[in-house]
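Trainee: One file: data-v2.cif (mmCIF, C-alpha atoms).
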```
data_run
loop_
_atom_site.label_atom_id
_atom_site.label_comp_id
_atom_site.auth_asym_id
_atom_site.auth_seq_id
_atom_site.Cartn_x
_atom_site.Cartn_y
_atom_site.Cartn_z
CA MET E 1 -13.96 -15.95 22.38
CA HIS E 2 -13.71 -18.83 24.80
CA GLY E 3 -12.25 -22.33 24.85
CA GLU E 4 -11.73 -23.77 21.40
CA ASP E 5 -12.84 -20.49 19.79
CA ARG E 6 -9.31 -19.20 20.26
CA LYS E 7 -7.85 -21.80 17.83
CA GLY E 8 -6.00 -20.01 15.06
CA VAL E 9 -6.60 -16.52 16.48
CA ILE E 10 -3.55 -14.24 16.57
CA ILE E 11 -3.10 -10.98 18.46
CA ALA E 12 -0.61 -8.82 16.54
CA THR E 13 0.87 -5.96 18.54
CA GLY E 14 2.33 -2.88 16.90
CA ALA E 15 0.25 -3.32 13.76
CA GLN E 16 0.65 0.32 12.72
CA GLY E 17 4.45 0.14 12.52
CA ARG E 18 6.16 -0.06 9.14
CA LEU E 19 6.34 -3.84 9.24
CA GLY E 20 2.83 -4.28 10.64
CA ARG E 21 1.33 -2.15 7.88
CA LEU E 22 3.03 -4.36 5.32
CA ILE E 23 2.06 -7.80 6.56
CA CYS E 24 -1.14 -7.53 8.60
CA GLY E 25 -3.36 -7.41 5.54
CA LEU E 26 -2.02 -10.75 4.33
CA LEU E 27 -2.23 -12.22 7.82
CA LYS E 28 -5.86 -11.13 8.10
CA SER E 29 -6.70 -12.69 4.75
CA GLN E 30 -5.63 -16.07 6.13
CA ARG E 31 -6.55 -15.99 9.84
CA THR E 32 -8.49 -14.18 12.50
CA VAL E 33 -5.97 -11.51 13.48
CA ILE E 34 -6.62 -8.89 16.14
CA ALA E 35 -4.42 -6.00 15.04
CA THR E 36 -3.47 -3.78 17.97
CA ALA E 37 -1.79 -0.39 18.07
CA ARG E 38 -1.25 2.42 20.53
CA ARG E 39 -3.67 4.68 18.66
CA PRO E 40 -6.37 4.32 15.99
CA PRO E 41 -6.85 2.83 13.48
CA ALA E 42 -6.64 -0.62 15.05
CA ASP E 43 -8.90 -3.49 16.02
CA LEU E 44 -7.86 -2.91 19.63
CA ILE E 45 -5.95 -0.09 21.31
CA LEU E 46 -3.08 -1.56 23.30
CA GLN E 47 -0.48 0.62 24.99
CA GLY E 48 3.05 -0.46 25.78
CA ASP E 49 2.44 0.07 29.50
CA GLY E 50 -0.36 0.60 31.99
CA PRO E 51 -3.36 -1.66 32.64
CA LEU E 52 -4.23 -4.12 29.90
CA PRO E 53 -7.62 -3.80 28.22
CA ALA E 54 -9.96 -6.79 28.02
CA LEU E 55 -8.32 -9.14 25.51
CA PRO E 56 -9.89 -11.83 23.34
CA ARG E 57 -8.75 -15.41 23.79
CA CYS E 58 -6.13 -16.33 21.23
CA HIS E 59 -3.71 -19.05 20.18
CA ALA E 60 -0.67 -16.86 19.47
CA VAL E 61 0.73 -13.38 20.06
CA LEU E 62 2.84 -11.84 17.30
CA ALA E 63 4.94 -9.06 18.84
CA LEU E 64 5.55 -6.62 15.98
CA TRP E 65 6.21 -3.64 18.21
CA GLY E 66 9.70 -2.48 19.12
CA GLY E 67 12.22 0.28 18.59
CA THR E 68 14.80 0.25 15.80
CA SER E 69 16.98 3.09 17.02
CA ASN E 70 20.62 2.66 18.04
CA ASP E 71 20.01 5.11 20.89
CA PRO E 72 20.52 2.94 24.00
CA ALA E 73 17.53 4.35 25.88
CA LYS E 74 15.16 3.82 22.94
CA ALA E 75 16.64 0.44 22.10
CA ARG E 76 15.94 -0.77 25.64
CA GLU E 77 12.25 -0.29 24.88
CA ASN E 78 12.44 -3.67 23.14
CA ILE E 79 13.06 -5.35 26.48
CA ALA E 80 10.11 -3.66 28.16
CA LEU E 81 7.86 -4.59 25.25
CA ALA E 82 8.97 -8.22 25.43
CA HIS E 83 7.70 -8.29 29.02
CA ARG E 84 4.50 -6.59 27.87
CA SER E 85 4.05 -9.28 25.19
CA ARG E 86 4.33 -11.96 27.87
CA ALA E 87 1.63 -10.17 29.88
CA VAL E 88 -0.60 -10.04 26.79
CA ALA E 89 -0.12 -13.78 26.31
CA GLU E 90 -0.98 -14.52 29.93
CA ALA E 91 -4.12 -12.39 29.74
CA SER E 92 -5.30 -13.89 26.44
CA GLY E 93 -4.42 -17.54 27.06
CA ALA E 94 -1.97 -17.67 24.14
CA ARG E 95 0.06 -20.85 23.77
CA LEU E 96 2.73 -19.23 21.59
CA VAL E 97 4.44 -15.84 21.54
CA ILE E 98 6.52 -14.91 18.50
CA HIS E 99 9.01 -12.14 19.30
CA LEU E 100 10.94 -10.34 16.57
CA SER E 101 14.66 -10.25 17.16
CA SER E 102 17.18 -9.30 14.50
CA ALA E 103 20.21 -10.42 12.55
CA ALA E 104 21.87 -7.44 14.26
CA VAL E 105 22.53 -9.66 17.30
CA TYR E 106 25.25 -11.49 15.35
CA GLY E 107 27.38 -8.66 14.05
CA PRO E 108 29.03 -9.04 10.62
CA GLY E 109 29.56 -12.37 8.89
CA LEU E 110 28.10 -14.94 6.51
CA ASP E 111 26.38 -18.28 7.17
CA LEU E 112 25.53 -17.12 10.69
CA ARG E 113 23.82 -19.87 12.70
CA GLU E 114 21.57 -19.81 15.72
CA THR E 115 24.28 -21.60 17.73
CA ASP E 116 26.96 -18.98 16.96
CA ALA E 117 28.23 -16.59 19.61
CA LEU E 118 26.62 -13.15 19.43
CA HIS E 119 28.72 -10.07 18.70
CA PRO E 120 26.18 -7.27 18.21
CA LEU E 121 27.30 -3.88 16.96
CA GLY E 122 25.46 -0.78 18.13
CA GLY E 123 22.77 -0.18 20.71
CA TYR E 124 20.02 -1.83 18.66
CA GLY E 125 21.81 -5.16 18.28
CA ARG E 126 22.85 -5.18 21.94
CA ALA E 127 19.28 -4.45 23.06
CA LYS E 128 17.89 -7.25 20.91
CA ALA E 129 20.50 -9.66 22.33
CA GLN E 130 19.54 -8.63 25.87
CA MET E 131 15.86 -8.98 24.94
CA GLU E 132 16.55 -12.56 23.83
CA ARG E 133 18.25 -13.31 27.16
CA GLU E 134 15.18 -12.01 29.01
CA ILE E 135 12.80 -14.00 26.83
CA ALA E 136 14.79 -17.19 27.45
CA GLY E 137 13.27 -17.22 30.93
CA PHE E 138 9.67 -16.58 29.82
CA ASP E 139 8.52 -20.12 28.93
CA SER E 140 5.76 -21.48 31.14
CA ASP E 141 3.29 -24.33 31.19
CA GLN E 142 0.92 -22.05 29.30
CA ALA E 143 3.07 -20.50 26.56
CA ARG E 144 6.17 -21.09 24.47
CA HIS E 145 8.22 -17.99 23.61
CA VAL E 146 10.16 -17.97 20.33
CA CYS E 147 12.51 -15.31 18.94
CA LEU E 148 12.77 -14.87 15.18
CA ARG E 149 16.20 -13.53 14.27
CA LEU E 150 14.88 -11.58 11.37
CA ALA E 151 16.77 -10.65 8.24
CA ASN E 152 16.20 -7.27 6.62
CA VAL E 153 12.57 -7.17 5.46
CA VAL E 154 12.12 -5.67 2.00
CA GLY E 155 10.14 -2.46 2.42
CA ALA E 156 10.67 -2.25 6.18
CA ASP E 157 14.43 -1.72 6.56
CA SER E 158 16.81 1.21 6.26
CA LEU E 159 16.77 0.93 2.44
CA ALA E 160 12.98 1.27 2.23
CA PRO E 161 12.72 5.10 2.22
CA ALA E 162 15.14 5.27 -0.71
CA LEU E 163 13.21 2.59 -2.61
CA LEU E 164 10.05 4.66 -2.15
CA GLY E 165 11.75 7.79 -3.47
CA GLU E 166 12.30 8.80 -7.06
CA GLY E 167 16.00 9.62 -7.20
CA PRO E 168 19.15 7.50 -7.11
CA VAL E 169 19.84 5.30 -4.09
CA ARG E 170 23.02 6.11 -2.17
CA LEU E 171 24.99 3.03 -1.17
CA ASP E 172 28.36 2.44 0.46
CA ARG E 173 31.11 1.05 -1.78
CA PHE E 174 33.72 -1.06 -0.03
CA PRO E 175 37.40 -1.47 -0.99
CA ASP E 176 36.61 -4.55 -3.11
CA GLY E 177 34.29 -2.44 -5.25
CA ARG E 178 31.08 -4.04 -3.99
CA GLY E 179 28.26 -2.67 -1.87
CA PRO E 180 26.39 -4.06 1.16
CA LEU E 181 25.26 -7.69 1.07
CA ARG E 182 22.45 -8.72 3.42
CA SER E 183 20.11 -11.55 4.18
CA TYR E 184 16.63 -10.36 3.23
CA ILE E 185 13.11 -11.74 3.44
CA ALA E 186 10.18 -10.66 1.29
CA PRO E 187 7.36 -9.33 3.51
CA GLY E 188 4.79 -11.77 2.12
CA ASP E 189 7.15 -14.64 2.88
CA LEU E 190 7.55 -13.41 6.45
CA ALA E 191 3.77 -13.38 6.92
CA ARG E 192 3.47 -16.90 5.55
CA ILE E 193 6.30 -18.12 7.79
CA VAL E 194 4.58 -16.66 10.86
CA LEU E 195 1.35 -18.46 9.97
CA ALA E 196 3.14 -21.73 9.31
CA LEU E 197 5.04 -21.57 12.61
CA ALA E 198 1.79 -20.82 14.44
CA ASP E 199 0.37 -24.06 12.99
CA LEU E 200 3.13 -26.16 14.56
CA ALA E 201 2.92 -27.51 18.09
CA PRO E 202 4.44 -24.70 20.22
CA GLU E 203 6.49 -27.11 22.33
CA THR E 204 8.29 -28.36 19.21
CA LEU E 205 9.64 -24.93 18.27
CA PRO E 206 13.23 -23.93 19.10
CA ALA E 207 13.90 -20.83 21.15
CA VAL E 208 15.49 -18.93 18.25
CA ILE E 209 15.03 -19.25 14.50
CA ASN E 210 16.83 -17.39 11.72
CA VAL E 211 14.29 -16.07 9.21
CA ALA E 212 15.62 -15.14 5.79
CA ALA E 213 15.70 -16.19 2.17
CA PRO E 214 18.23 -18.99 1.59
CA LEU E 215 20.87 -16.67 0.10
CA PRO E 216 21.82 -13.04 0.81
CA VAL E 217 21.18 -10.39 -1.83
CA SER E 218 22.94 -7.12 -2.54
CA MET E 219 21.27 -3.83 -1.73
CA ALA E 220 22.33 -2.64 -5.19
CA ALA E 221 20.36 -5.47 -6.79
CA LEU E 222 17.27 -4.51 -4.79
CA ALA E 223 17.63 -0.84 -5.73
CA ARG E 224 18.00 -1.67 -9.42
CA ALA E 225 15.06 -4.10 -9.29
CA ALA E 226 12.99 -1.22 -7.93
CA GLY E 227 14.04 0.93 -10.89
CA HIS E 228 16.66 3.11 -9.19
CA ASP E 229 20.14 4.14 -10.24
CA ILE E 230 22.95 3.88 -7.68
CA THR E 231 25.05 6.71 -6.31
CA TRP E 232 28.15 5.14 -4.74
CA VAL E 233 29.88 6.71 -1.75
CA PRO E 234 33.03 5.43 0.02
CA ALA E 235 32.08 3.15 2.89
CA PRO E 236 33.07 4.55 6.30
CA GLN E 237 35.33 2.47 8.52
CA THR E 238 32.39 1.51 10.73
CA ALA E 239 30.24 0.19 7.87
CA VAL E 240 29.39 -3.52 7.75
CA GLN E 241 29.62 -5.09 4.32
CA GLU E 242 28.13 -8.56 4.84
CA VAL E 243 25.49 -10.07 7.12
CA GLY E 244 24.15 -13.43 5.98
CA LEU E 245 22.02 -15.91 7.93
CA ASN E 246 22.08 -19.69 7.75
CA THR E 247 18.48 -20.88 7.38
CA GLU E 248 18.82 -24.65 7.74
CA ARG E 249 16.80 -24.63 10.97
CA LEU E 250 13.92 -22.76 9.31
CA GLN E 251 14.00 -25.05 6.30
CA ALA E 252 13.87 -28.14 8.53
CA LEU E 253 10.84 -26.74 10.38
CA LEU E 254 9.00 -25.62 7.23
CA PRO E 255 10.25 -27.77 4.33
CA ALA E 256 7.23 -26.92 2.17
CA GLN E 257 7.86 -23.16 2.27
CA HIS E 258 9.18 -21.77 -1.02
CA LEU E 259 10.66 -18.33 -0.44
CA HIS E 260 11.44 -15.56 -2.88
CA ARG E 261 15.19 -15.65 -3.54
CA THR E 262 16.02 -12.95 -6.10
CA ALA E 263 15.90 -9.17 -5.78
CA PRO E 264 13.27 -8.75 -8.56
CA ASP E 265 10.99 -11.35 -6.96
CA MET E 266 11.36 -9.76 -3.52
CA ILE E 267 10.58 -6.30 -4.88
CA ALA E 268 7.53 -7.68 -6.70
CA ASP E 269 6.28 -9.28 -3.47
CA TRP E 270 6.73 -6.01 -1.59
CA ARG E 271 4.89 -3.99 -4.25
CA HIS E 272 2.09 -6.53 -4.32
CA LEU E 273 1.52 -6.14 -0.57
CA ARG E 274 1.75 -2.34 -0.74
CA SER E 275 -0.95 -2.33 -3.41
CA GLY E 276 -3.26 -4.23 -1.09
CA GLY E 277 -2.73 -7.60 -2.74
#
```
Can you dump the structure from the file as structure tokens?

Mentor:
Amino acid sequence: MHGEDRKGVIIATGAQGRLGRLICGLLKSQRTVIATARRPPADLILQGDGPLPALPRCHAVLALWGGTSNDPAKARENIALAHRSRAVAEASGARLVIHLSSAAVYGPGLDLRETDALHPLGGYGRAKAQMEREIAGFDSDQARHVCLRLANVVGADSLAPALLGEGPVRLDRFPDGRGPLRSYIAPGDLARIVLALADLAPETLPAVINVAAPLPVSMAALARAAGHDITWVPAPQTAVQEVGLNTERLQALLPAQHLHRTAPDMIADWRHLRSGG
């Protein structure tokens, strides 16, 4: 692909991860997406290090790869992969790179805004915050680099294995009698947001964008919507009860986007994608 042939083409790294497997099918139904992974099956094999293979020309790079562990050494892999994503963009002529950060950079709280100070808890949140600091220096005349501070994605977060199981879902119960409350995003909504952001002029995009449904939902509501009973356990002292993102910036950028808001609708979206819809 050369010149104008790259318009609309997206290279998606880490397509065989849990999140990539969920959303790449929908992305491919809407655009020309080159799904890369470190091993087959993939449209293109792309390692996290070493020489880059020949890459097609593209408009945007969607960096889906990254570690989710709290182990500091593994969490730092996110920083190395951010640099690798920049190299992929330079080699493919991409004008936009979308990096996936996390709500974990904020720490606990509600109505968390992109302008708030960051207080990450754990190695994963700290690594994502450091990754953002590195990426802040990546912009060039060729490419704009944007970090999506991503809410929990239904079907791709720590609750997902329990939702896929058959038994009750174990959840922490806090002193007020409630369980964890989180900002979530349905996976289909995330895919549509990525496509909509890629359609905007890269230079108009802010450096960081919270990506979530407008209101947080409880993990208990998601578990029940998926047909599971709840087994409550006392929350440990280190447990975080509430993490909620303010999404006014996202809504201003994409006012026509209508996102799933309720636990049943989010679960239905997730199941639809898992079924190949």

Trainee: So that I can see what lies close to segment 96-109 of chain E, please list as a list of chain:residue names the residues with an atom at most 6 Å from it, counting only C-alpha atoms and leaving out residues fewer than 3 positions away in the same chain.

Mentor: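 So the residues in contact are E:Ala60, E:Val61, E:Leu62, E:Ala63, E:Leu118, E:His119, E:Pro120, E:Leu121, E:Gly125, E:Lys128, E:Ala129, E:Ala143, E:Arg144, E:His145, E:Val146, E:Cys147, E:Leu148, E:Arg149, E:Leu150, E:Ala151, E:Pro202, E:Glu242, E:Val243.
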
Trainee: Calculate how many Å separate atom CA of Pro161 of chain E from atom CA of Lys28 of chain E, rounding to one decimal.

Mentor: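 Answer for the atom CA of Pro161 of chain E to atom CA of Lys28 of chain E separation: 25.4 Å.
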
Trainee: What gap, in Å, lies between atom CA of Pro234 of chain E and atom CA of Val169 of chain E?

Mentor: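 Taking atom CA of Pro234 of chain E and atom CA of Val169 of chain E, their separation equals 13.8 Å.
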
Trainee: Quick one: of E:Leu26, E:Arg57, E:Gly14, E:Asn246, who's nearest to Arg39 of chain E, counting only C-alpha atoms?

Mentor: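 Under the stated criterion, the closest residue is E:Gly14.
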
Trainee: When you draw a straight line from atom CA of Phe138 of chain E to atom CA of Ala87 of chain E, how long is it in Å?

Mentor: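 Separating atom CA of Phe138 of chain E from atom CA of Ala87 of chain E is a distance of 10.3 Å.
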
Trainee: What lies within 7 Å of Val153 of chain E using all atoms listed in the file, ignoring chain neighbours under 4 positions off, as a ChimeraX atom specification?

Mentor: /E:157,184-187

Trainee: Residues within 9 Å of His260 of chain E, please, as a ChimeraX atom specification. Count all atoms listed in the file; anything in the same chain fewer than 5 positions from it doesn't count.

Mentor: /E:185-186,189,213-214,265-266,269

Trainee: Could you save the residues just selected, with C-alpha atoms, as a short mmCIF file (atom, residue, chain, number, x, y, z; two decimals), keeping the file's coordinate frame?

Mentor:
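The new file out00.cif reads:
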```cif
data_model
loop_
_atom_site.label_atom_id
_atom_site.label_comp_id
_atom_site.auth_asym_id
_atom_site.auth_seq_id
_atom_site.Cartn_x
_atom_site.Cartn_y
_atom_site.Cartn_z
CA ILE E 185 13.11 -11.74 3.44
CA ALA E 186 10.18 -10.66 1.29
CA ASP E 189 7.15 -14.64 2.88
CA ALA E 213 15.70 -16.19 2.17
CA PRO E 214 18.23 -18.99 1.59
CA ASP E 265 10.99 -11.35 -6.96
CA MET E 266 11.36 -9.76 -3.52
CA ASP E 269 6.28 -9.28 -3.47
#
```

Trainee: Would you please work out which residue, of E:Cys24, E:Ile209, E:Ala12, E:Ala80, is nearest to Ala37 of chain E when using all atoms listed in the file?

Mentor: E:Ala12

Trainee: Using the chain letters and residue numbers of this document, give as a VMD selection string the residues selected by the PyMOL selection byres ((chain E and resi 48) around 8).

Mentor: chain E and resid 38 46 to 47 49 to 50 81 84

Trainee: Given the file shown, determine the residues that the PyMOL selection byres ((chain E and resi 93) around 10) selects; report them as a list in words.

Mentor: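 Residues picked by the PyMOL selection byres ((chain E and resi 93) around 10): His2, Gly3, Arg6, Leu55, Pro56, Arg57, Cys58, His59, Ala60, Val61, Ala87, Val88, Ala89, Glu90, Ala91, Ser92, Ala94, Arg95, Leu96, Gln142 and Ala143 of chain E.
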
Trainee: Could you tell me, as a PDB file with C-alpha atoms, in the frame of the given file, exactly which residues end up selected when the PyMOL selection byres ((chain E and resi 159) around 10) is applied to this structure?

Mentor:
```pdb
ATOM      1  CA  ASN E 152      16.200  -7.270   6.620  1.00  0.00           C
ATOM      2  CA  VAL E 153      12.570  -7.170   5.460  1.00  0.00           C
ATOM      3  CA  VAL E 154      12.120  -5.670   2.000  1.00  0.00           C
ATOM      4  CA  GLY E 155      10.140  -2.460   2.420  1.00  0.00           C
ATOM      5  CA  ALA E 156      10.670  -2.250   6.180  1.00  0.00           C
ATOM      6  CA  ASP E 157      14.430  -1.720   6.560  1.00  0.00           C
ATOM      7  CA  SER E 158      16.810   1.210   6.260  1.00  0.00           C
ATOM      8  CA  ALA E 160      12.980   1.270   2.230  1.00  0.00           C
ATOM      9  CA  PRO E 161      12.720   5.100   2.220  1.00  0.00           C
ATOM     10  CA  ALA E 162      15.140   5.270  -0.710  1.00  0.00           C
ATOM     11  CA  LEU E 163      13.210   2.590  -2.610  1.00  0.00           C
ATOM     12  CA  LEU E 164      10.050   4.660  -2.150  1.00  0.00           C
ATOM     13  CA  VAL E 169      19.840   5.300  -4.090  1.00  0.00           C
ATOM     14  CA  ARG E 170      23.020   6.110  -2.170  1.00  0.00           C
ATOM     15  CA  LEU E 171      24.990   3.030  -1.170  1.00  0.00           C
ATOM     16  CA  MET E 219      21.270  -3.830  -1.730  1.00  0.00           C
ATOM     17  CA  LEU E 222      17.270  -4.510  -4.790  1.00  0.00           C
ATOM     18  CA  ALA E 223      17.630  -0.840  -5.730  1.00  0.00           C
TER      19      ALA E 223
END
```

Trainee: Considering only C-alpha atoms, can you say which of E:Ala198, E:Gly167, E:His272, E:Ala256 comes closest to Thr231 of chain E?

Mentor: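 Checking each of E:Ala198, E:Gly167, E:His272, E:Ala256 against Thr231 of chain E, counting only C-alpha atoms, the winner is E:Gly167.
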
Trainee: Go through E:Thr13, E:Asn210, E:Gln241, E:Asn78 one by one, measure the shortest atom-to-atom distance of each to Leu64 of chain E using only C-alpha atoms, and give the residue with the smallest value.

Mentor: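 Closest to Leu64 of chain E of all the choices is E:Thr13.
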
Trainee: Between E:Leu205, E:Gly122, E:Arg76, E:Phe174, which is the closest to Asp139 of chain E once you count all atoms listed in the file?

Mentor: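 Nearest candidate to Asp139 of chain E out of E:Leu205, E:Gly122, E:Arg76, E:Phe174: E:Leu205.
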
Trainee: Residues proximal to (-0.2, -20.4, 9.2) were defined as those with any atom within 12 Å of that point in the file's coordinates, counting all atoms listed in the file. Which are they, as a list in words?

Mentor: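 Protein and nucleic acid residues near the point are Lys7, Gly8, Val9, Ile10, Leu26, Leu27, Lys28, Ser29, Gln30, Arg31, Thr32, Val33, His59, Ala60, Asp189, Leu190, Ala191, Arg192, Ile193, Val194, Leu195, Ala196, Leu197, Ala198, Asp199, Leu200, Ala201, Leu254 and Gln257 of chain E.
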
Trainee: Please determine, counting only C-alpha atoms, which residue among E:Gly67, E:Gly165, E:Pro72, E:Pro180 has the shortest atom-to-atom distance to Leu19 of chain E.

Mentor: E:Gly67

Trainee: Quick one: residues within 8 Å of Gly123 of chain E, all atoms listed in the file counted, chain neighbours fewer than 3 positions away excluded, as a PyMOL selection string?

Mentor: chain E and resi 69-72+75+126-127

Trainee: Please, could N, CA and C atoms be added to segment 160-177 of chain E and the result written as a short mmCIF file (atom, residue, chain, number, x, y, z; two decimals), in the coordinates of the input?

Mentor:
```
data_model
loop_
_atom_site.label_atom_id
_atom_site.label_comp_id
_atom_site.auth_asym_id
_atom_site.auth_seq_id
_atom_site.Cartn_x
_atom_site.Cartn_y
_atom_site.Cartn_z
N ALA E 160 14.35 1.06 2.71
CA ALA E 160 12.98 1.27 2.23
C ALA E 160 12.68 2.71 1.83
N PRO E 161 13.05 3.73 2.64
CA PRO E 161 12.72 5.10 2.22
C PRO E 161 13.31 5.46 0.86
N ALA E 162 14.53 4.99 0.59
CA ALA E 162 15.14 5.27 -0.71
C ALA E 162 14.41 4.56 -1.84
N LEU E 163 13.95 3.33 -1.58
CA LEU E 163 13.21 2.59 -2.61
C LEU E 163 11.88 3.28 -2.93
N LEU E 164 11.31 3.96 -1.94
CA LEU E 164 10.05 4.66 -2.15
C LEU E 164 10.24 6.01 -2.83
N GLY E 165 11.47 6.51 -2.84
CA GLY E 165 11.75 7.79 -3.47
C GLY E 165 11.87 7.67 -4.98
N GLU E 166 12.22 8.77 -5.60
CA GLU E 166 12.30 8.80 -7.06
C GLU E 166 13.72 8.94 -7.57
N GLY E 167 14.65 9.38 -6.74
CA GLY E 167 16.00 9.62 -7.20
C GLY E 167 16.90 8.40 -7.04
N PRO E 168 18.19 8.58 -7.29
CA PRO E 168 19.15 7.50 -7.11
C PRO E 168 19.24 7.07 -5.65
N VAL E 169 19.65 5.84 -5.43
CA VAL E 169 19.84 5.30 -4.09
C VAL E 169 21.33 5.39 -3.75
N ARG E 170 21.63 6.00 -2.62
CA ARG E 170 23.02 6.11 -2.17
C ARG E 170 23.41 4.84 -1.41
N LEU E 171 24.51 4.24 -1.82
CA LEU E 171 24.99 3.03 -1.17
C LEU E 171 26.49 3.12 -0.92
N ASP E 172 26.94 2.51 0.16
CA ASP E 172 28.36 2.44 0.46
C ASP E 172 29.06 1.52 -0.53
N ARG E 173 30.25 1.92 -0.97
CA ARG E 173 31.11 1.05 -1.78
C ARG E 173 32.34 0.72 -0.96
N PHE E 174 32.61 -0.57 -0.84
CA PHE E 174 33.72 -1.06 -0.03
C PHE E 174 34.97 -1.21 -0.87
N PRO E 175 36.14 -1.42 -0.24
CA PRO E 175 37.40 -1.47 -0.99
C PRO E 175 37.43 -2.49 -2.12
N ASP E 176 36.63 -3.56 -2.02
CA ASP E 176 36.61 -4.55 -3.11
C ASP E 176 35.71 -4.15 -4.26
N GLY E 177 35.13 -2.95 -4.18
CA GLY E 177 34.29 -2.44 -5.25
C GLY E 177 32.83 -2.81 -5.14
#
```
